[in-house]
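Colleague: Handing you this structure, nothing more for now.
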Amino acid sequence: MNLTLYNTLTNQEEIFIPVNPPKVNMYCCGITAYDYCHLGHARTCIVWDVVRSYLIWRGYEVKYIQNFTDIDDKILNRAKNENTTMEAISERFIQAYFEDMQRLNVKPADAYPRATHALDGIKKLIWELEQKGYAYETQGDVYYSVSKFKDYGKLSGRKLEDLQTGASGRVNQSEAVKQESFDFALWKSAKPDEPSFDSPWGKGRPGWHIECSAMVRDMLGETIDIHMGGNDLIFPHHENEIAQSEAVTGKPLARYWLHNGMVKVDGEKMSKSLGNFVTIRDLLAKYDPMAIRLFILQANYRKPLDFTDEALKAVTNGWHTLAEGLLFGVKYREILNWTEKANLSFIKSVQDHFCQAVDHDFNFAAGLAILFELAKDLRKEGNLLTHEGKTSQSSQELGDKWHTLVNLAQILGLEAHSNEIENISNVITESEIEVLIQQRLDARQAKNYQEGDRIRDLLKDKGVTLIDASGGITKWHWNN
RNA sequence: GGCGGCGUAGCCAAGUGGUAAGGCAAGGGUCUGCAAAACCUUCAUCCCCCAGUUCAAAUCUGGGCGUCGCCUCCA
C-alpha cells in the first residue's frame, strides 16, 4: 500500500518516498512563546502528532523536531509591559505549552530547539548567504535579496511582480532601508534597550525566518522529508525558508510541504489579532481533552474547521461512544476470561482497512469510522452483558475487536481511562449501594416515588447508574 | 488586483468514473410510575449552478456563483 500526501509545493497528491527509508525527518514550525496557546495551535500540534505516530505505526523511523521562537517583538513587548525579561516570558509560555500538550496527549517531539540557542547556525547561514551574494547589510540590518533567488515564489505560487506590498494592510514603515519592498530581514540591529546578541554585523537579533532554516540544517540535514505548519505560514515564512536554505545548499529544503487548515470562529480565522480565540486551558475546563482531539481528527486536516460549542458538545458524545468501546476490555476482561490466542487475520484485516483509509493523505476521519464501528459493537455487547448477563459474540471475537480498537485508537492518541470508576468507588461501597437500592425498592413498592427518585439521584451523584429491569429487579453499574 | 483551497442531509464528514461510509442531532417503537440506560427502527432518488466528455460523473473537462486563507504579526 502506498501512502500519498498532498504536497503544497506541487499542489497535488504524491506517493510518499522518504530520502532514506525507513528514516523520516520531519520539522514543524512551532509557536512564538508570548501567550497561552489557543485551539488553532492545538490543531496544528494534534494533527502533526498523529501524523508522526501514524508514520511510526507504518514502520518508519521518525525524527520529529519542533521549534520555539523565543525572541520576537511580541515577546519583547510583553516583557516590557510586565516589567520582566524576554527569557522569563518565553520560558513561562513554553512551560505552559508543554502542560497544555500533555493534557491533550500530544507526544513530545524529539527536540525543541529555540531561536536563542541556535545562534551559531543562524549566523553561519547568514554569513554564507552574504558570501553567495543573496544578502546585503544596511545600518546593522541584514536583508535577503529576494530578486536574486530565481525560484522565489515556487511554494506559494507567487510571482515577484504580483507581490502587492501592503495588501494585507500591515506594512512596517520603518523598514525603508530595504532595497526592495519584498526583501526580508535576516538580522535586525538592536534598538537601545533591547536584548541583543553579538554578530559580525553588530549587536542584534535574528529575523524570524532564518531560525527555521538554521535549525533544520543543524538538526536534520540539508533536505528533510516533511516540513509542516499551519497554512498561514506558506507565505511568507516557508517561502522565505526555502529561499534561505536552498540558496545556500543548492538542494531542496524539503521533499514534502504539508499544511494544516485554520480553525475558524463564525466564519473567520481564529487568531490573536482578531481576539476571537479560545485558549486550550479554557477549553479543557469545559471539554474532555479527548473530545478536542476527536474534534480535530474528524475534520480533514487541510480544510478549515469551524469552532462552535455545539460541535464540541456533539463530539463529546462521540467520544463517550469511543470511550465505552475502549473501556470494554478493562471492565469485562475478567468476566470474559480471555485466554484464547488472538485471531491475527481478523486484526490484520481491520488494520488494513484503517491503513487504506488513512494512507490517503492522512484521512483520519475515514479511519475513525472504523473505530466507531468497533466501539459501537463493543458497547452493545458490554450493555448486553450488564443488562442480561450474556453476549451475542464469542469472547474471542470480542477480545480481538477490543484489542484492535485500542491499538488503532492509540495511533490517534485517543485513550480512555477508568480512573473515574476507581475514584468514585472509594466514595461509596458496593454493599452501601445494595442497601440503598433495597431502600428505593421498598419506597417504590409503597408508591413513594419521591423518595425513590431521591435515592436514584443520590446514587447518580456518586457515579452509580440504576437500571430498572423487568421483573422488579434493579441493576446498577458505575458511570464512565 | 494576484495566488491557493473549499462547496455532499439540520451540523461535522467519507467518497478519486459504476450508482451516496461514519459521527452528532432528530423522529418512531419496545421497556417504564416517571426518568435514565439499553435494544430495534427511520432519516440525501441525490452531491452549489450550467454546459461538455462517457454506456455510466458527487467523482473528469470548461464556465459561473458562493465561501475561506495568504499577499510580509500569524498555527
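Each chain in the C-alpha cells gets a letter, A, B, ..., in the order shown, and its residues are numbered from 1; ligands are numbered from 1 in order too.
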Compile the residues of chain A that lie within 7 Å of chain B, evaluated using only C-alpha atoms (C1' of nucleotides), and express the compilation as a ChimeraX atom specification.
Modeller: /A:40-41,44,156-158,162-164,167-168,229-230,232,235-236,299,314-315,318,366,369,383,467
Colleague: Could you write out the selected residues, including N, CA and C atoms, as a PDB file, in the first residue's frame?
Modeller:
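Final output, saved to selection-v6.pdb:
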ATOM      1  N   GLY A  40      -6.407  26.880  17.712  1.00  0.00           N
ATOM      2  CA  GLY A  40      -5.726  26.807  16.421  1.00  0.00           C
ATOM      3  C   GLY A  40      -4.351  26.159  16.554  1.00  0.00           C
ATOM      4  N   HIS A  41      -3.622  26.554  17.582  1.00  0.00           N
ATOM      5  CA  HIS A  41      -2.322  25.927  17.836  1.00  0.00           C
ATOM      6  C   HIS A  41      -2.509  24.448  18.148  1.00  0.00           C
ATOM      7  N   THR A  44      -2.833  22.331  14.998  1.00  0.00           N
ATOM      8  CA  THR A  44      -1.539  22.052  14.375  1.00  0.00           C
ATOM      9  C   THR A  44      -0.794  20.963  15.142  1.00  0.00           C
ATOM     10  N   SER A 156       4.406  29.098  -2.789  1.00  0.00           N
ATOM     11  CA  SER A 156       3.117  29.780  -2.636  1.00  0.00           C
ATOM     12  C   SER A 156       2.511  30.168  -3.975  1.00  0.00           C
ATOM     13  N   GLY A 157       3.207  29.868  -5.056  1.00  0.00           N
ATOM     14  CA  GLY A 157       2.664  30.172  -6.380  1.00  0.00           C
ATOM     15  C   GLY A 157       2.644  31.654  -6.696  1.00  0.00           C
ATOM     16  N   ARG A 158       3.544  32.380  -6.082  1.00  0.00           N
ATOM     17  CA  ARG A 158       3.565  33.818  -6.324  1.00  0.00           C
ATOM     18  C   ARG A 158       4.680  34.195  -7.289  1.00  0.00           C
ATOM     19  N   ASP A 162       3.812  40.075  -8.924  1.00  0.00           N
ATOM     20  CA  ASP A 162       2.445  40.059  -8.397  1.00  0.00           C
ATOM     21  C   ASP A 162       2.380  40.415  -6.918  1.00  0.00           C
ATOM     22  N   LEU A 163       3.538  40.417  -6.298  1.00  0.00           N
ATOM     23  CA  LEU A 163       3.532  40.672  -4.853  1.00  0.00           C
ATOM     24  C   LEU A 163       3.094  42.102  -4.594  1.00  0.00           C
ATOM     25  N   GLN A 164       1.938  42.221  -4.009  1.00  0.00           N
ATOM     26  CA  GLN A 164       1.380  43.542  -3.792  1.00  0.00           C
ATOM     27  C   GLN A 164       1.710  43.981  -2.372  1.00  0.00           C
ATOM     28  N   ALA A 167      -0.857  44.761   0.759  1.00  0.00           N
ATOM     29  CA  ALA A 167      -2.229  44.316   0.508  1.00  0.00           C
ATOM     30  C   ALA A 167      -2.885  43.804   1.784  1.00  0.00           C
ATOM     31  N   SER A 168      -2.082  43.329   2.702  1.00  0.00           N
ATOM     32  CA  SER A 168      -2.665  42.837   3.941  1.00  0.00           C
ATOM     33  C   SER A 168      -2.872  43.973   4.938  1.00  0.00           C
ATOM     34  N   GLY A 229       3.358  22.799   8.958  1.00  0.00           N
ATOM     35  CA  GLY A 229       2.973  24.011   9.684  1.00  0.00           C
ATOM     36  C   GLY A 229       1.570  24.421   9.282  1.00  0.00           C
ATOM     37  N   GLY A 230       1.095  25.468   9.878  1.00  0.00           N
ATOM     38  CA  GLY A 230      -0.214  25.998   9.521  1.00  0.00           C
ATOM     39  C   GLY A 230      -0.153  26.620   8.134  1.00  0.00           C
ATOM     40  N   ASP A 232      -1.190  29.299   7.132  1.00  0.00           N
ATOM     41  CA  ASP A 232      -0.918  30.743   7.134  1.00  0.00           C
ATOM     42  C   ASP A 232       0.588  31.016   7.075  1.00  0.00           C
ATOM     43  N   PHE A 235       3.109  31.561   2.993  1.00  0.00           N
ATOM     44  CA  PHE A 235       3.736  32.817   2.599  1.00  0.00           C
ATOM     45  C   PHE A 235       3.585  33.822   3.724  1.00  0.00           C
ATOM     46  N   PRO A 236       4.644  34.468   4.111  1.00  0.00           N
ATOM     47  CA  PRO A 236       5.985  34.383   3.532  1.00  0.00           C
ATOM     48  C   PRO A 236       6.916  33.385   4.224  1.00  0.00           C
ATOM     49  N   ALA A 299     -12.097  16.207  11.239  1.00  0.00           N
ATOM     50  CA  ALA A 299     -12.067  17.104  10.087  1.00  0.00           C
ATOM     51  C   ALA A 299     -10.866  16.751   9.222  1.00  0.00           C
ATOM     52  N   ALA A 314     -21.259  17.903  20.456  1.00  0.00           N
ATOM     53  CA  ALA A 314     -21.553  16.733  19.629  1.00  0.00           C
ATOM     54  C   ALA A 314     -20.399  15.749  19.675  1.00  0.00           C
ATOM     55  N   VAL A 315     -19.210  16.288  19.566  1.00  0.00           N
ATOM     56  CA  VAL A 315     -18.041  15.432  19.511  1.00  0.00           C
ATOM     57  C   VAL A 315     -17.753  14.814  20.889  1.00  0.00           C
ATOM     58  N   GLY A 318     -19.693  11.783  20.856  1.00  0.00           N
ATOM     59  CA  GLY A 318     -18.974  10.805  20.039  1.00  0.00           C
ATOM     60  C   GLY A 318     -17.842  10.173  20.819  1.00  0.00           C
ATOM     61  N   ALA A 366     -11.925   9.131   7.892  1.00  0.00           N
ATOM     62  CA  ALA A 366     -12.356   7.832   7.372  1.00  0.00           C
ATOM     63  C   ALA A 366     -11.862   6.716   8.292  1.00  0.00           C
ATOM     64  N   ALA A 369     -14.129   6.202  11.277  1.00  0.00           N
ATOM     65  CA  ALA A 369     -15.372   5.458  11.032  1.00  0.00           C
ATOM     66  C   ALA A 369     -15.172   3.990  11.416  1.00  0.00           C
ATOM     67  N   ASN A 383     -23.224  -3.707  27.071  1.00  0.00           N
ATOM     68  CA  ASN A 383     -24.541  -3.450  27.635  1.00  0.00           C
ATOM     69  C   ASN A 383     -25.340  -4.734  27.783  1.00  0.00           C
ATOM     70  N   ILE A 467     -30.624   0.743  36.733  1.00  0.00           N
ATOM     71  CA  ILE A 467     -31.464   0.291  35.632  1.00  0.00           C
ATOM     72  C   ILE A 467     -32.593  -0.538  36.216  1.00  0.00           C
TER      73      ILE A 467
END
Colleague: Could you give me, as number ranges by chain, each residue of range 254-392 of chain A that DSSP assigns to strand (DSSP E or B) when run on this structure's backbone?
Modeller: A: 254-260, 263-265, 268-269, 279, 305-306, 360
Colleague: Next, dump the selected residues to file, keeping only C-alpha atoms, as a short mmCIF file (atom, residue, chain, number, x, y, z; two decimals), in the first residue's frame.
Modeller:
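Listing of out-v9.cif after writing:
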data_model
loop_
_atom_site.label_atom_id
_atom_site.label_comp_id
_atom_site.auth_asym_id
_atom_site.auth_seq_id
_atom_site.Cartn_x
_atom_site.Cartn_y
_atom_site.Cartn_z
CA ALA A 254 12.04 19.54 1.99
CA ARG A 255 10.54 16.95 -0.30
CA TYR A 256 7.02 17.35 1.02
CA TRP A 257 5.42 20.51 2.36
CA LEU A 258 2.29 19.81 4.38
CA HIS A 259 -0.03 22.47 5.74
CA ASN A 260 -2.97 22.25 8.07
CA VAL A 263 -9.64 26.90 12.95
CA LYS A 264 -12.44 29.37 12.38
CA VAL A 265 -14.92 31.15 14.61
CA GLU A 268 -13.33 33.88 10.47
CA LYS A 269 -9.87 32.62 11.26
CA THR A 279 -7.22 29.11 24.81
CA LEU A 305 -12.58 23.81 10.81
CA ASP A 306 -15.37 25.77 12.47
CA HIS A 360 -4.88 8.58 1.55
#
Colleague: To test your reading of the structure, identify every residue in range 138-213 of chain A that backbone DSSP assigns to helix (DSSP H, G or I), and report it as a PyMOL selection string.
Modeller: chain A and resi 146-148+160-162+173-175+208-213
Colleague: Write the residues you've just listed into a file as a PDB file, in the first residue's frame, and include N, CA and C atoms for each of them.
Modeller:
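Written out: part_7.pdb:
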ATOM      1  N   VAL A 146      15.558  39.149  -2.301  1.00  0.00           N
ATOM      2  CA  VAL A 146      14.630  38.177  -2.871  1.00  0.00           C
ATOM      3  C   VAL A 146      14.785  38.013  -4.387  1.00  0.00           C
ATOM      4  N   SER A 147      15.038  39.097  -5.066  1.00  0.00           N
ATOM      5  CA  SER A 147      15.093  39.000  -6.534  1.00  0.00           C
ATOM      6  C   SER A 147      16.292  38.180  -7.022  1.00  0.00           C
ATOM      7  N   LYS A 148      17.250  37.913  -6.132  1.00  0.00           N
ATOM      8  CA  LYS A 148      18.413  37.104  -6.531  1.00  0.00           C
ATOM      9  C   LYS A 148      18.075  35.610  -6.594  1.00  0.00           C
ATOM     10  N   LEU A 160       7.130  37.524  -8.354  1.00  0.00           N
ATOM     11  CA  LEU A 160       7.582  38.768  -7.722  1.00  0.00           C
ATOM     12  C   LEU A 160       6.759  39.966  -8.172  1.00  0.00           C
ATOM     13  N   GLU A 161       6.456  40.014  -9.470  1.00  0.00           N
ATOM     14  CA  GLU A 161       5.724  41.183  -9.964  1.00  0.00           C
ATOM     15  C   GLU A 161       4.288  41.235  -9.438  1.00  0.00           C
ATOM     16  N   ASP A 162       3.812  40.075  -8.924  1.00  0.00           N
ATOM     17  CA  ASP A 162       2.445  40.059  -8.397  1.00  0.00           C
ATOM     18  C   ASP A 162       2.380  40.415  -6.918  1.00  0.00           C
ATOM     19  N   GLN A 173       6.512  50.579   8.228  1.00  0.00           N
ATOM     20  CA  GLN A 173       7.135  51.714   7.544  1.00  0.00           C
ATOM     21  C   GLN A 173       8.620  51.851   7.848  1.00  0.00           C
ATOM     22  N   SER A 174       9.033  51.362   9.001  1.00  0.00           N
ATOM     23  CA  SER A 174      10.410  51.603   9.426  1.00  0.00           C
ATOM     24  C   SER A 174      11.417  50.792   8.612  1.00  0.00           C
ATOM     25  N   GLU A 175      10.919  49.935   7.747  1.00  0.00           N
ATOM     26  CA  GLU A 175      11.854  49.104   7.003  1.00  0.00           C
ATOM     27  C   GLU A 175      12.219  49.706   5.653  1.00  0.00           C
ATOM     28  N   TRP A 208      12.857  36.492  11.758  1.00  0.00           N
ATOM     29  CA  TRP A 208      12.005  35.361  12.115  1.00  0.00           C
ATOM     30  C   TRP A 208      12.299  34.109  11.279  1.00  0.00           C
ATOM     31  N   HIS A 209      12.453  34.283   9.979  1.00  0.00           N
ATOM     32  CA  HIS A 209      12.503  33.109   9.098  1.00  0.00           C
ATOM     33  C   HIS A 209      13.794  32.312   9.203  1.00  0.00           C
ATOM     34  N   ILE A 210      14.872  32.998   9.535  1.00  0.00           N
ATOM     35  CA  ILE A 210      16.184  32.353   9.448  1.00  0.00           C
ATOM     36  C   ILE A 210      16.355  31.231  10.473  1.00  0.00           C
ATOM     37  N   GLU A 211      15.664  31.349  11.624  1.00  0.00           N
ATOM     38  CA  GLU A 211      15.860  30.328  12.657  1.00  0.00           C
ATOM     39  C   GLU A 211      15.464  28.946  12.162  1.00  0.00           C
ATOM     40  N   CYS A 212      14.383  28.871  11.416  1.00  0.00           N
ATOM     41  CA  CYS A 212      13.935  27.560  10.963  1.00  0.00           C
ATOM     42  C   CYS A 212      14.918  26.959   9.969  1.00  0.00           C
ATOM     43  N   SER A 213      15.401  27.780   9.050  1.00  0.00           N
ATOM     44  CA  SER A 213      16.401  27.283   8.107  1.00  0.00           C
ATOM     45  C   SER A 213      17.617  26.735   8.840  1.00  0.00           C
TER      46      SER A 213
END
Colleague: Which one is closest to G17 in chain B: B:C47, B:U42, B:C55, B:C60? Count only C-alpha atoms (C1' of nucleotides).
Modeller: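 Among B:C47, B:U42, B:C55, B:C60, it is B:C60 that comes nearest to G17 in chain B.
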Colleague: List the neighbours of A9 in chain B out to 10 Å using only C-alpha atoms (C1' of nucleotides); skip same-chain residues closer than 4 positions along the sequence, and give me the result as a list of chain:residue names.
Modeller: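 My reading of the contact set: B:C43, B:A44, B:C46, B:C47.
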Colleague: Suppose you want the space between CA of Asn317 in chain A and CA of Ala291 in chain A; what is it in Å?
Modeller: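 Straight-line distance from CA of Asn317 in chain A to CA of Ala291 in chain A works out to 8.2 Å.
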Colleague: List the neighbours of C48 in chain B out to 8 Å using only C-alpha atoms (C1' of nucleotides); skip same-chain residues closer than 6 positions along the sequence, and give me the result as a ChimeraX atom specification.
Modeller: /B:7,65-66
Colleague: I'd like the neighbourhood of Ala365 in chain A as a PDB file with N, CA and C atoms, in the first residue's frame, where a residue qualifies if any of its atoms comes within 7 Å (using only C-alpha atoms (C1' of nucleotides)), though same-chain residues fewer than 2 positions away should be ignored.
Modeller:
ATOM      1  N   LEU A 297      -9.561  15.591  14.697  1.00  0.00           N
ATOM      2  CA  LEU A 297      -9.266  14.475  13.799  1.00  0.00           C
ATOM      3  C   LEU A 297     -10.441  14.123  12.893  1.00  0.00           C
ATOM      4  N   GLN A 298     -11.629  14.550  13.259  1.00  0.00           N
ATOM      5  CA  GLN A 298     -12.786  14.243  12.413  1.00  0.00           C
ATOM      6  C   GLN A 298     -12.844  15.147  11.194  1.00  0.00           C
ATOM      7  N   ALA A 299     -12.097  16.207  11.239  1.00  0.00           N
ATOM      8  CA  ALA A 299     -12.067  17.104  10.087  1.00  0.00           C
ATOM      9  C   ALA A 299     -10.866  16.751   9.222  1.00  0.00           C
ATOM     10  N   ASN A 300     -10.962  17.003   7.938  1.00  0.00           N
ATOM     11  CA  ASN A 300      -9.807  16.871   7.065  1.00  0.00           C
ATOM     12  C   ASN A 300      -8.765  17.905   7.491  1.00  0.00           C
ATOM     13  N   ASN A 363      -6.196  10.544   5.959  1.00  0.00           N
ATOM     14  CA  ASN A 363      -7.645  10.667   6.091  1.00  0.00           C
ATOM     15  C   ASN A 363      -8.096  10.046   7.420  1.00  0.00           C
ATOM     16  N   GLY A 367     -10.665   6.866   8.824  1.00  0.00           N
ATOM     17  CA  GLY A 367     -10.146   5.878   9.767  1.00  0.00           C
ATOM     18  C   GLY A 367     -11.004   5.804  11.014  1.00  0.00           C
ATOM     19  N   LEU A 368     -11.479   6.949  11.463  1.00  0.00           N
ATOM     20  CA  LEU A 368     -12.305   6.987  12.666  1.00  0.00           C
ATOM     21  C   LEU A 368     -13.604   6.211  12.491  1.00  0.00           C
ATOM     22  N   ALA A 369     -14.129   6.202  11.277  1.00  0.00           N
ATOM     23  CA  ALA A 369     -15.372   5.458  11.032  1.00  0.00           C
ATOM     24  C   ALA A 369     -15.172   3.990  11.416  1.00  0.00           C
TER      25      ALA A 369
END
Colleague: Mind pulling up the distance from CA of His353 in chain A to CA of Tyr60 in chain A?
Modeller: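 Interatomic distance, CA of Tyr60 in chain A to CA of His353 in chain A: 19.0 Å.
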